[in-house]
Amino acid sequence: DWAMDNFIDEKVAQIREQVGDNKVILALSGGVDSAVAAALVHKAVGDQLTCVFVDHGLLRKGEPETVDAVFRDTFGIPLVHVNAQERYAELLAGVDDPEQKRRIIGTEFWKVFFEEAQKLDGVTYLAQGTIYPDIIESGARKTGGKASTIKSHHNLIPFPEGVHFDLIEPLDHLFKDEVRELGCELGLPDEVVFRQPFPGPGLAIRIIGDVTPEKLEILKNADAVVREELDAYNARLFEETGERNSAHSCWQYFCVLPDIKSVGVMGDERTYERPVIVRAVESQDAMTADWAKLPYEVLGNISRRIVDEVDGVNRVAYDITPKPPATIEWE
Ligand code: XMP
């Protein structure tokens with residue numbers, strides 16, 4: 001694509017000129033925007049870029065491995081993979097309020113990130129995958145608009161005292177579909193570029209009540225089944241329609257783990273285990289959404305596979321509420 005090639009050439013030249021011989025750091029979240037920013041900045045300044053991945057243990061099954069595989073192994077970008085799982089587990093223990101979970105996760109993220117940044121010598125720049133809608137949303141926040149209550153953004157970076165980096169935000173004029181196109185052009189794999197929207201606080205806000213390692217394990221395993229089945233369902237629709245988000249494609253699909261148990265039966269034994277709730281929605285922009293009218297066969301496969309394959313689950317429910325009045329996430 002000629003326009004995209006031009007954009008890349010221009011940005012690469014700009015970033016090179018700005019950075020000179022200095023070093024750049026970037027926080028990878030596992031999401032599309034930071035991934036595309038990393039690939040672009042790497043193209044411009046090569047090994048002057050170091051990426052930091054704070055592994056809080058709240059991503060989905062296989063995602064931390066994908067970050068390593070894509071950035072360290074394929075792109076050869078110097079990558080610091082921080083295992084912060086225990087730190088997060090301790091901080092989140094006993095916390096059941098959703099907003100408090102969000103606060104803890106966000107605050108800790110920057111704390112861990114800056115600890116790592118300060119270990120690296122002579123870093124001048126911080127690159128970020130801020131995109132155009134992020135800027136609009138934080139504008140809405142400043143004026144007290146509705147976005148402020150919907151989403152807390154990480155644009156305002158809480159630099160620790162005495163610490164400062166100059167920002168590089170090469171995607172700040174792009175919309176999401178342009179970021180995806182750029183990601184493809186830069187050679188990022190589809191699983192990164194077309195990753196479904198996923199909240200920053202990750203699986204912590206899909207576990208109702210407090211987060212424990214046992215609940216995380218159950219949710220990761222159940223979520224993996226839902227993703228496998230509905231990735232395949234979406235792929236079939238993509239093949240039929242040629243559109244990635246056609247009328248009946250699922251926009252987001254995942255599991256929620258409520259804080260209850262229920263009775264079941266297995267062989268001759270009574271069980272008392274957890275239910276999981278499957279949430280799959282159709283949407284264009286996440287502002288409104290409808291529950292996906294999935295074929296019974298697909299729902300049946302998901303249910304059967306979850307109770308067969310996931311230890312600790314004996315029941316599967318399907319959320320049939322649109323947004324509004326519900327939200328896409330449960331917390
Ligand atoms: P709701 O649940 O409000 O979500 O319908 C709308 C969209 O935003 C995502 N979401 C979040 N994203 N941090 C994020 O980065 C969050 O705390 C957060 N909460 C919800 C949600 O997945 C959906 O795409």
# chains A, B, ... in the order shown; residues from 1 in each chain; ligands from 1

call {"tool": "residues_near_ligand", "arguments": {"ligand": "ligand 1", "cutoff": "6 Å", "atoms": "only C-alpha atoms and all ligand atoms", "output": "list in words"}}
result
Lys151, Pro197, Phe198, Pro199, Gly200, Pro201, Ala286, Thr327, Ile328 and Glu329 of chain A

call {"tool": "closest_atom_pairs", "arguments": {"of": "range 192-309 of chain A", "to": "range 172-178 of chain A", "cutoff": "12 Å", "atoms": "only C-alpha atoms", "output": "tab-separated table"}}
result
residue	atom	partner	partner_atom	distance
A:Val193	CA	A:Asp177	CA	9.8
A:Phe194	CA	A:Asp177	CA	9.7
A:Arg195	CA	A:Lys176	CA	11.7
A:Gln196	CA	A:Lys176	CA	11.8
A:Pro197	CA	A:Lys176	CA	10.8
A:Arg244	CA	A:Asp177	CA	11.1
A:Asn245	CA	A:Asp177	CA	11.6
A:Gln284	CA	A:Asp177	CA	11.9
A:Asp285	CA	A:Lys176	CA	10.4

call {"tool": "closest_residue", "arguments": {"among": "A:Ser34, A:Val276, A:Trp330, A:Tyr318", "to": "Tyr296 in chain A", "atoms": "only C-alpha atoms"}}
result
A:Tyr318

call {"tool": "select_by_dssp", "arguments": {"residues": "range 206-269 of chain A", "states": "helix (DSSP H, G or I)", "output": "PDB file with C-alpha atoms, in the first residue's frame"}}
result
ATOM      1  CA  ARG A 206     -13.610 -10.718  34.857  1.00  0.00           C
ATOM      2  CA  PRO A 213      -4.436 -17.872  41.677  1.00  0.00           C
ATOM      3  CA  GLU A 214      -6.994 -20.705  41.665  1.00  0.00           C
ATOM      4  CA  LYS A 215      -9.725 -18.523  40.114  1.00  0.00           C
ATOM      5  CA  LEU A 216      -7.270 -17.085  37.574  1.00  0.00           C
ATOM      6  CA  GLU A 217      -6.304 -20.578  36.484  1.00  0.00           C
ATOM      7  CA  ILE A 218      -9.952 -21.593  35.966  1.00  0.00           C
ATOM      8  CA  LEU A 219     -10.756 -18.410  34.069  1.00  0.00           C
ATOM      9  CA  LYS A 220      -7.690 -18.687  31.805  1.00  0.00           C
ATOM     10  CA  ASN A 221      -8.575 -22.247  30.878  1.00  0.00           C
ATOM     11  CA  ALA A 222     -12.265 -21.551  30.244  1.00  0.00           C
ATOM     12  CA  ASP A 223     -11.437 -18.394  28.301  1.00  0.00           C
ATOM     13  CA  ALA A 224      -9.027 -20.345  26.110  1.00  0.00           C
ATOM     14  CA  VAL A 225     -11.857 -22.691  25.092  1.00  0.00           C
ATOM     15  CA  VAL A 226     -14.213 -19.819  24.268  1.00  0.00           C
ATOM     16  CA  ARG A 227     -11.519 -18.113  22.235  1.00  0.00           C
ATOM     17  CA  GLU A 228     -10.678 -21.244  20.309  1.00  0.00           C
ATOM     18  CA  GLU A 229     -14.302 -21.952  19.417  1.00  0.00           C
ATOM     19  CA  LEU A 230     -15.242 -18.367  18.566  1.00  0.00           C
ATOM     20  CA  ASP A 231     -11.998 -17.572  16.742  1.00  0.00           C
ATOM     21  CA  ALA A 232     -12.978 -20.450  14.469  1.00  0.00           C
ATOM     22  CA  TYR A 233     -16.571 -19.186  14.212  1.00  0.00           C
ATOM     23  CA  ASN A 234     -15.348 -15.680  13.292  1.00  0.00           C
ATOM     24  CA  ALA A 235     -12.893 -17.135  10.788  1.00  0.00           C
ATOM     25  CA  ARG A 236     -15.755 -18.985   9.055  1.00  0.00           C
ATOM     26  CA  LEU A 237     -17.761 -15.751   8.813  1.00  0.00           C
ATOM     27  CA  PHE A 238     -14.704 -13.894   7.516  1.00  0.00           C
ATOM     28  CA  GLU A 239     -14.290 -16.495   4.815  1.00  0.00           C
ATOM     29  CA  GLU A 240     -17.956 -16.208   3.814  1.00  0.00           C
ATOM     30  CA  THR A 241     -18.268 -12.427   3.869  1.00  0.00           C
TER      31      THR A 241
END

call {"tool": "closest_residue", "arguments": {"among": "A:Ile306, A:Leu257, A:Val52, A:Ala89", "to": "Lys119 in chain A", "atoms": "only C-alpha atoms"}}
result
A:Val52

call {"tool": "atom_distance", "arguments": {"atom1": "CA of Pro295 in chain A", "atom2": "CA of Val281 in chain A"}}
result
13.4 Å

call {"tool": "atom_distance", "arguments": {"atom1": "CA of Asp190 in chain A", "atom2": "CA of Val32 in chain A"}}
result
10.2 Å

call {"tool": "atom_distance", "arguments": {"atom1": "CA of Leu186 in chain A", "atom2": "CA of Ala35 in chain A"}}
result
10.3 Å

call {"tool": "residues_around", "arguments": {"residues": "Ile205 in chain A", "least_positions_apart": "3", "cutoff": "10 Å", "atoms": "only C-alpha atoms", "output": "PyMOL selection string"}}
result
chain A and resi 58+96-99+101-102+199-202+208-211+256-257+329-331

call {"tool": "residues_around", "arguments": {"residues": "Ala13 in chain A", "least_positions_apart": "5", "cutoff": "9 Å", "atoms": "only C-alpha atoms", "output": "list in words"}}
result
Ile8, Gln18 and Ala44 of chain A

call {"tool": "write_last_selection", "arguments": {"atoms": "C-alpha atoms", "output": "short mmCIF file (atom, residue, chain, number, x, y, z; two decimals), in the first residue's frame"}}
result
data_model
loop_
_atom_site.label_atom_id
_atom_site.label_comp_id
_atom_site.auth_asym_id
_atom_site.auth_seq_id
_atom_site.Cartn_x
_atom_site.Cartn_y
_atom_site.Cartn_z
CA ILE A 8 6.12 4.54 7.46
CA GLN A 18 14.24 13.15 17.00
CA ALA A 44 13.51 3.57 12.96
#

call {"tool": "residues_around", "arguments": {"residues": "Leu171 in chain A", "least_positions_apart": "3", "cutoff": "7 Å", "atoms": "only C-alpha atoms", "output": "list in words"}}
result
Ala37, Gly129, Thr130, Ile131 and Leu174 of chain A

call {"tool": "write_last_selection", "arguments": {"atoms": "N, CA and C atoms", "output": "short mmCIF file (atom, residue, chain, number, x, y, z; two decimals), in the first residue's frame"}}
result
data_model
loop_
_atom_site.label_atom_id
_atom_site.label_comp_id
_atom_site.auth_asym_id
_atom_site.auth_seq_id
_atom_site.Cartn_x
_atom_site.Cartn_y
_atom_site.Cartn_z
N ALA A 37 3.44 0.41 17.83
CA ALA A 37 4.40 1.47 18.14
C ALA A 37 5.81 0.88 18.26
N GLY A 129 2.07 3.92 22.51
CA GLY A 129 1.13 3.66 21.43
C GLY A 129 -0.16 4.45 21.54
N THR A 130 -0.09 5.68 22.00
CA THR A 130 -1.27 6.53 22.08
C THR A 130 -1.88 6.70 20.69
N ILE A 131 -3.17 6.47 20.54
CA ILE A 131 -3.81 6.68 19.23
C ILE A 131 -4.78 7.85 19.33
N LEU A 174 -3.65 8.41 14.33
CA LEU A 174 -4.28 7.27 13.65
C LEU A 174 -5.49 6.74 14.39
#

call {"tool": "closest_residue", "arguments": {"among": "A:Gly267, A:Pro258, A:Gly187, A:Pro170", "to": "Glu10 in chain A", "atoms": "only C-alpha atoms"}}
result
A:Pro170

call {"tool": "residues_around", "arguments": {"residues": "Glu108 in chain A", "least_positions_apart": "3", "cutoff": "9 Å", "atoms": "only C-alpha atoms", "output": "NGL selection string"}}
result
:A and (87-88 or 91 or 103-105 or 111-113)

call {"tool": "write_last_selection", "arguments": {"atoms": "C-alpha atoms", "output": "mmCIF file, in the first residue's frame"}}
result
data_model
loop_
_atom_site.group_PDB
_atom_site.id
_atom_site.type_symbol
_atom_site.label_atom_id
_atom_site.label_comp_id
_atom_site.auth_asym_id
_atom_site.auth_seq_id
_atom_site.Cartn_x
_atom_site.Cartn_y
_atom_site.Cartn_z
ATOM 1 C CA ARG A 87 3.632 -8.841 43.406
ATOM 2 C CA TYR A 88 0.219 -8.442 41.804
ATOM 3 C CA LEU A 91 -1.619 -6.537 46.093
ATOM 4 C CA ARG A 103 -6.405 1.501 40.548
ATOM 5 C CA ILE A 104 -4.044 -1.064 42.009
ATOM 6 C CA ILE A 105 -3.273 -2.613 38.637
ATOM 7 C CA LYS A 111 5.815 1.502 39.401
ATOM 8 C CA VAL A 112 7.231 -1.713 37.981
ATOM 9 C CA PHE A 113 7.861 -0.088 34.628
#

call {"tool": "residues_around", "arguments": {"residues": "range 64-72 of chain A", "least_positions_apart": "6", "cutoff": "9 Å", "atoms": "only C-alpha atoms", "output": "PyMOL selection string"}}
result
chain A and resi 28-30+35+38-39+51+53+55+57+78-79+81+188-189+191-192

call {"tool": "write_last_selection", "arguments": {"atoms": "C-alpha atoms", "output": "PDB file, in the first residue's frame"}}
result
ATOM      1  CA  LEU A  28       4.413  -3.492  25.833  1.00  0.00           C
ATOM      2  CA  SER A  29       0.973  -4.343  27.174  1.00  0.00           C
ATOM      3  CA  GLY A  30       0.150  -7.254  24.913  1.00  0.00           C
ATOM      4  CA  ALA A  35       2.879  -3.557  19.646  1.00  0.00           C
ATOM      5  CA  ALA A  38       7.223  -0.917  19.114  1.00  0.00           C
ATOM      6  CA  ALA A  39       7.551  -2.317  15.597  1.00  0.00           C
ATOM      7  CA  CYS A  51      10.772  -2.860  25.386  1.00  0.00           C
ATOM      8  CA  PHE A  53       6.750  -6.146  29.350  1.00  0.00           C
ATOM      9  CA  ASP A  55       3.759  -9.624  33.199  1.00  0.00           C
ATOM     10  CA  GLY A  57      -0.399 -12.611  35.308  1.00  0.00           C
ATOM     11  CA  PRO A  78      15.775  -6.158  23.339  1.00  0.00           C
ATOM     12  CA  LEU A  79      12.925  -7.122  25.683  1.00  0.00           C
ATOM     13  CA  HIS A  81      10.099  -9.487  30.586  1.00  0.00           C
ATOM     14  CA  LEU A 188       3.160  -8.205  12.952  1.00  0.00           C
ATOM     15  CA  PRO A 189       1.183 -11.463  13.073  1.00  0.00           C
ATOM     16  CA  GLU A 191      -3.036 -12.713  16.418  1.00  0.00           C
ATOM     17  CA  VAL A 192      -1.482  -9.445  17.560  1.00  0.00           C
TER      18      VAL A 192
END

call {"tool": "closest_residue", "arguments": {"among": "A:Leu299, A:Val95, A:Val19, A:Val265", "to": "His42 in chain A", "atoms": "only C-alpha atoms"}}
result
A:Val19
